[in-house]
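Undergrad: There's a structure below that I have some questions on.
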Amino acid sequence: MADFAIEQALSEGKRICYTAPVKALSNQKFRDFRGTLGEDRVGIMTGDVTINGGAPLLIMTTEVFRNTIFEDPRNLDDCHAVIFDEIHYLDDRERGTVWEESIIFAPDHIRIVGLSATIPNIEEVADWIRSIRSVPLEVVERHRRPVPLRHFVYHDEAGVKTLKELRHERPRARGHGGRWQRGRGGFNRGRTHRHLVDYLHRHDLLPCLYFSFSRRECGERAEENSHRDLLTETERAELLGKFDELCTLYQLEETDASRQLRRLCGRGILYHHAGLLPVHKEIVERLFTTGLVKLLFTTETFALGVNMPARTVCFASLKKFDGVRLDWMLAREYGQMAGRAGRQGIDDCGYVYSIVDDRDLDYRAMEHLFDGPLEPVRSRLDIDYATLLNLYAIVGERVGEAYERSLARFQRERMERDRGPSRARPPKEAEFIHRRIDVLKRLGYIAGGALTDKGRFAAAVQGFEVHAAEFLEAGLLHLCDPPLLVLLFCAVVFEERRGDASDRIAPGTLETIRQRAEQCVTRFRRAEFDAGLEDLSKEIDWKMSGPAMLWAGGCTWEDLAEHTTVSDGDLVRTFRQAIQVMRNVRNALPLVGAGDLEDRFNRAIASVNRDFVDAKRQLELG
């Protein structure tokens, strides 16, 4: 479908946008399409990178597409269609609103192409899109997988079984209180996982994608299996040659991390998660496509769109932490990952194995995952301040009508039609839109029915916009030299993970900036709280202050690692996010007569955007 839409647009001399939920998928599509269509016809915009932004086929993240709708809608005048890869991201808790806003507010002439294998209520979603857009929409479904799946569980005592077989063998393993008894000696997940890999190796079920919901466990499991020799001499020479070739391509110097990956690679084993350097993730992804990597331990992000199937998929657990508690994964999540099993044209079927212990033997839950209906996609609309400001500039007090076109409203009305009128309170999504507008009026973003200079500035920043606007109004940005700008915006974007620690900088260097910044954010959060909002704007986290100042000061990556336990991947992500926010702020400064700060921001960005942090360099090299 996507290929047809692209071919049709290009043949008619029109442009088309291809959006993806993760930058790895954007980068892969950029390389793939450049290879088939030619470099001049394909561009990419991801926030980190812009290459050939005027190309007829433009690959972008969904956030960039949404922002373009408001920032530069004329750039979409000749856009024939937008392709939303993994459109089920509508139901993503944190980012789903971006997909919904993109569909609602995209110019009417743009056709929608949505791709997904995991939307059971596809007709409902299609009906919603038809109700708010004037262009025709057809649903195209394929109900049979090209390669069927077979699902098994692995229990340390029972071994490999179908769920039916395990239920027959262990129906009375209950202990007191309805809990399942552990096997003799207790359950050892590490030992169990090694036994399962033994089984896969013996039965010629490799290559295998082994999913774990723990970054740490991915690396540990790879090391635990490093004694295995899964490659022939010919395969080893070819795979290591490809590894060395990629390291040369990306101009990488040898480090402890690269030496570890190469050693594992020589065994046919690798691991992949968000804590790795992006360039190392890229190398792992490209090595896996060779078919020579026999065992890849990875987190769930590897299942997102990137076309890298294996013969077998394994799950270290069927439960994951959802931000509040450990619970069974969704059937839609299981299907997304399990669907990587089975290589079309190679395998007759794909094999899926899930490790369970006696504490996990909830047969109803497992049956739902293996063969039950997928959870329907629901609205996650949560319009941010920049979008509200941009909408207010167009429709004024009618901004609340955005909810009237939402999937949330559509689903609510359909439920009331089916079940009768609801006596419940008005939907919170609509109420929160009005509460956020009240906050913006109270703090000077909107006055007299129009945006103020402060409001226009925030609307243009798109991403941590209220932080930037409050800092500017308080005069904080004028107090910061380039290194302090880097420190400030790293503190704004940084998301701490458990166990993160870094060297701190001398208090005197930071104290004035810290106090003023925290006063700005506290003032805004207090206004949100007083308005009855539940999700307040992000607090500032200064734990990256030391690494931020060191990196802005020109230290090497190896030296930086000695001053922090934050993973390489999280460091790069924080720096890239800070760069993106600083670029947006810099570009908005002329709107409020603060163009004198542009050079300061340019120098701050240049001090950080180097080596592993420079996403454009990585993409151009590869």
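In the structure tokens, the first chain shown is A, the next is B, and so on; residue numbers restart at 1 for each chain, and ligands run from 1 in the order shown.
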Might you pull out every residue within 7 Å of A:Cys79, with only C-alpha atoms counted and same-chain residues fewer than 5 positions away left off, and present them as a list in words?

TA: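 Counting only the stated atoms, we get Lys14, Arg15, Ile16 and Ile110 of chain A.
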
Undergrad: Considering only C-alpha atoms, return as number ranges by chain whatever protein or nucleic-acid residues lie within 12 Å of A:Arg378, sequence-local ones (same chain, fewer than 6 positions apart) excluded.

TA: A: 87-93, 96-97, 99-100, 119-122, 124-125, 128, 406-412

Undergrad: Let me make sure I understand: among A:Ile59, A:Glu518, A:Leu488, A:Asp156, which one has the smallest atom-to-atom distance to A:Asp32 if we use only C-alpha atoms?

TA: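 With only C-alpha atoms as the atom set, the closest residue is A:Ile59.
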
Undergrad: Tell me, as a list in words, which residues lie within 6 Å of stretch 535-543 of chain A, counting only C-alpha atoms; anything in the same chain fewer than 4 positions away does not count.

TA: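 Residues meeting the cut-off are Ala491, Val492 and Arg525 of chain A.
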
Undergrad: What parts of stretch 17-141 of chain A does DSSP call helix (DSSP H, G or I)? I'd like the answer as a ChimeraX atom specification.

TA: /A:23-37,39-41,62-71,73-76,87-91,96-105,122-132

Undergrad: Deliver the residues from the most recent selection as a file, using C-alpha atoms, as a PDB file, in the first residue's frame.

TA:
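Heads up, here's the output in out_5.pdb:
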ATOM      1  CA  LYS A  23      14.037   7.302  14.244  1.00  0.00           C
ATOM      2  CA  ALA A  24      15.568   3.888  13.532  1.00  0.00           C
ATOM      3  CA  LEU A  25      12.633   3.120  11.238  1.00  0.00           C
ATOM      4  CA  SER A  26      12.850   6.594   9.665  1.00  0.00           C
ATOM      5  CA  ASN A  27      16.546   6.085   8.957  1.00  0.00           C
ATOM      6  CA  GLN A  28      15.973   2.619   7.492  1.00  0.00           C
ATOM      7  CA  LYS A  29      13.213   3.869   5.193  1.00  0.00           C
ATOM      8  CA  PHE A  30      15.410   6.804   4.143  1.00  0.00           C
ATOM      9  CA  ARG A  31      18.214   4.447   3.080  1.00  0.00           C
ATOM     10  CA  ASP A  32      15.830   1.952   1.450  1.00  0.00           C
ATOM     11  CA  PHE A  33      13.963   4.526  -0.617  1.00  0.00           C
ATOM     12  CA  ARG A  34      17.140   6.357  -1.633  1.00  0.00           C
ATOM     13  CA  GLY A  35      18.425   3.025  -2.914  1.00  0.00           C
ATOM     14  CA  THR A  36      15.323   2.409  -5.054  1.00  0.00           C
ATOM     15  CA  LEU A  37      14.259   5.950  -6.034  1.00  0.00           C
ATOM     16  CA  GLU A  39      19.117  10.339  -3.673  1.00  0.00           C
ATOM     17  CA  ASP A  40      17.494  13.431  -5.234  1.00  0.00           C
ATOM     18  CA  ARG A  41      13.955  12.141  -4.736  1.00  0.00           C
ATOM     19  CA  THR A  62       5.181  11.958  13.253  1.00  0.00           C
ATOM     20  CA  GLU A  63       6.077  14.825  15.597  1.00  0.00           C
ATOM     21  CA  VAL A  64       7.784  16.679  12.742  1.00  0.00           C
ATOM     22  CA  PHE A  65       4.732  16.210  10.506  1.00  0.00           C
ATOM     23  CA  ARG A  66       2.400  17.476  13.237  1.00  0.00           C
ATOM     24  CA  ASN A  67       4.615  20.511  13.835  1.00  0.00           C
ATOM     25  CA  THR A  68       4.787  21.277  10.097  1.00  0.00           C
ATOM     26  CA  ILE A  69       0.984  21.495   9.995  1.00  0.00           C
ATOM     27  CA  PHE A  70       1.141  24.534  12.257  1.00  0.00           C
ATOM     28  CA  GLU A  71       4.580  26.007  11.616  1.00  0.00           C
ATOM     29  CA  PRO A  73       1.463  24.546   6.368  1.00  0.00           C
ATOM     30  CA  ARG A  74       2.335  25.940   2.918  1.00  0.00           C
ATOM     31  CA  ASN A  75       5.056  23.300   2.757  1.00  0.00           C
ATOM     32  CA  LEU A  76       2.218  20.762   2.531  1.00  0.00           C
ATOM     33  CA  ILE A  87      -0.712   3.914  12.996  1.00  0.00           C
ATOM     34  CA  HIS A  88      -1.803   1.921  16.048  1.00  0.00           C
ATOM     35  CA  TYR A  89       0.516   4.321  17.891  1.00  0.00           C
ATOM     36  CA  LEU A  90      -2.695   6.336  18.236  1.00  0.00           C
ATOM     37  CA  ASP A  91      -3.080   4.328  21.444  1.00  0.00           C
ATOM     38  CA  GLY A  96      -0.519   8.813  20.787  1.00  0.00           C
ATOM     39  CA  THR A  97      -1.879  12.345  20.851  1.00  0.00           C
ATOM     40  CA  VAL A  98       0.613  13.324  18.121  1.00  0.00           C
ATOM     41  CA  TRP A  99      -0.913  10.797  15.701  1.00  0.00           C
ATOM     42  CA  GLU A 100      -4.425  11.943  16.545  1.00  0.00           C
ATOM     43  CA  GLU A 101      -3.572  15.633  16.171  1.00  0.00           C
ATOM     44  CA  SER A 102      -1.849  14.914  12.836  1.00  0.00           C
ATOM     45  CA  ILE A 103      -4.945  13.213  11.450  1.00  0.00           C
ATOM     46  CA  ILE A 104      -7.319  15.873  12.793  1.00  0.00           C
ATOM     47  CA  PHE A 105      -5.395  18.949  11.671  1.00  0.00           C
ATOM     48  CA  ILE A 122      -9.970  -0.892  12.222  1.00  0.00           C
ATOM     49  CA  GLU A 123     -13.458  -0.113  10.880  1.00  0.00           C
ATOM     50  CA  GLU A 124     -14.158   2.154  13.844  1.00  0.00           C
ATOM     51  CA  VAL A 125     -10.886   4.048  13.353  1.00  0.00           C
ATOM     52  CA  ALA A 126     -11.617   4.301   9.628  1.00  0.00           C
ATOM     53  CA  ASP A 127     -15.145   5.606  10.297  1.00  0.00           C
ATOM     54  CA  TRP A 128     -13.688   8.270  12.599  1.00  0.00           C
ATOM     55  CA  ILE A 129     -11.218   9.422   9.924  1.00  0.00           C
ATOM     56  CA  ARG A 130     -14.020   9.518   7.322  1.00  0.00           C
ATOM     57  CA  SER A 131     -16.133  11.630   9.687  1.00  0.00           C
ATOM     58  CA  ILE A 132     -13.530  14.397  10.001  1.00  0.00           C
TER      59      ILE A 132
END

Undergrad: Please provide as JSON, numbers by chain all residues within 10 Å of A:Gly339, with the sequence filter that same-chain residues fewer than 2 positions apart are discarded (counting only C-alpha atoms).

TA: {"A": [117, 145, 147, 148, 149, 303, 309, 310, 312, 313, 333, 334, 335, 336, 337, 341, 342, 350, 351, 352]}

Undergrad: Would you mind telling me which residue in A:Ile355, A:Glu431, A:His143, A:Ser134 lies nearest to A:Glu534 when using only C-alpha atoms?

TA: A:Glu431
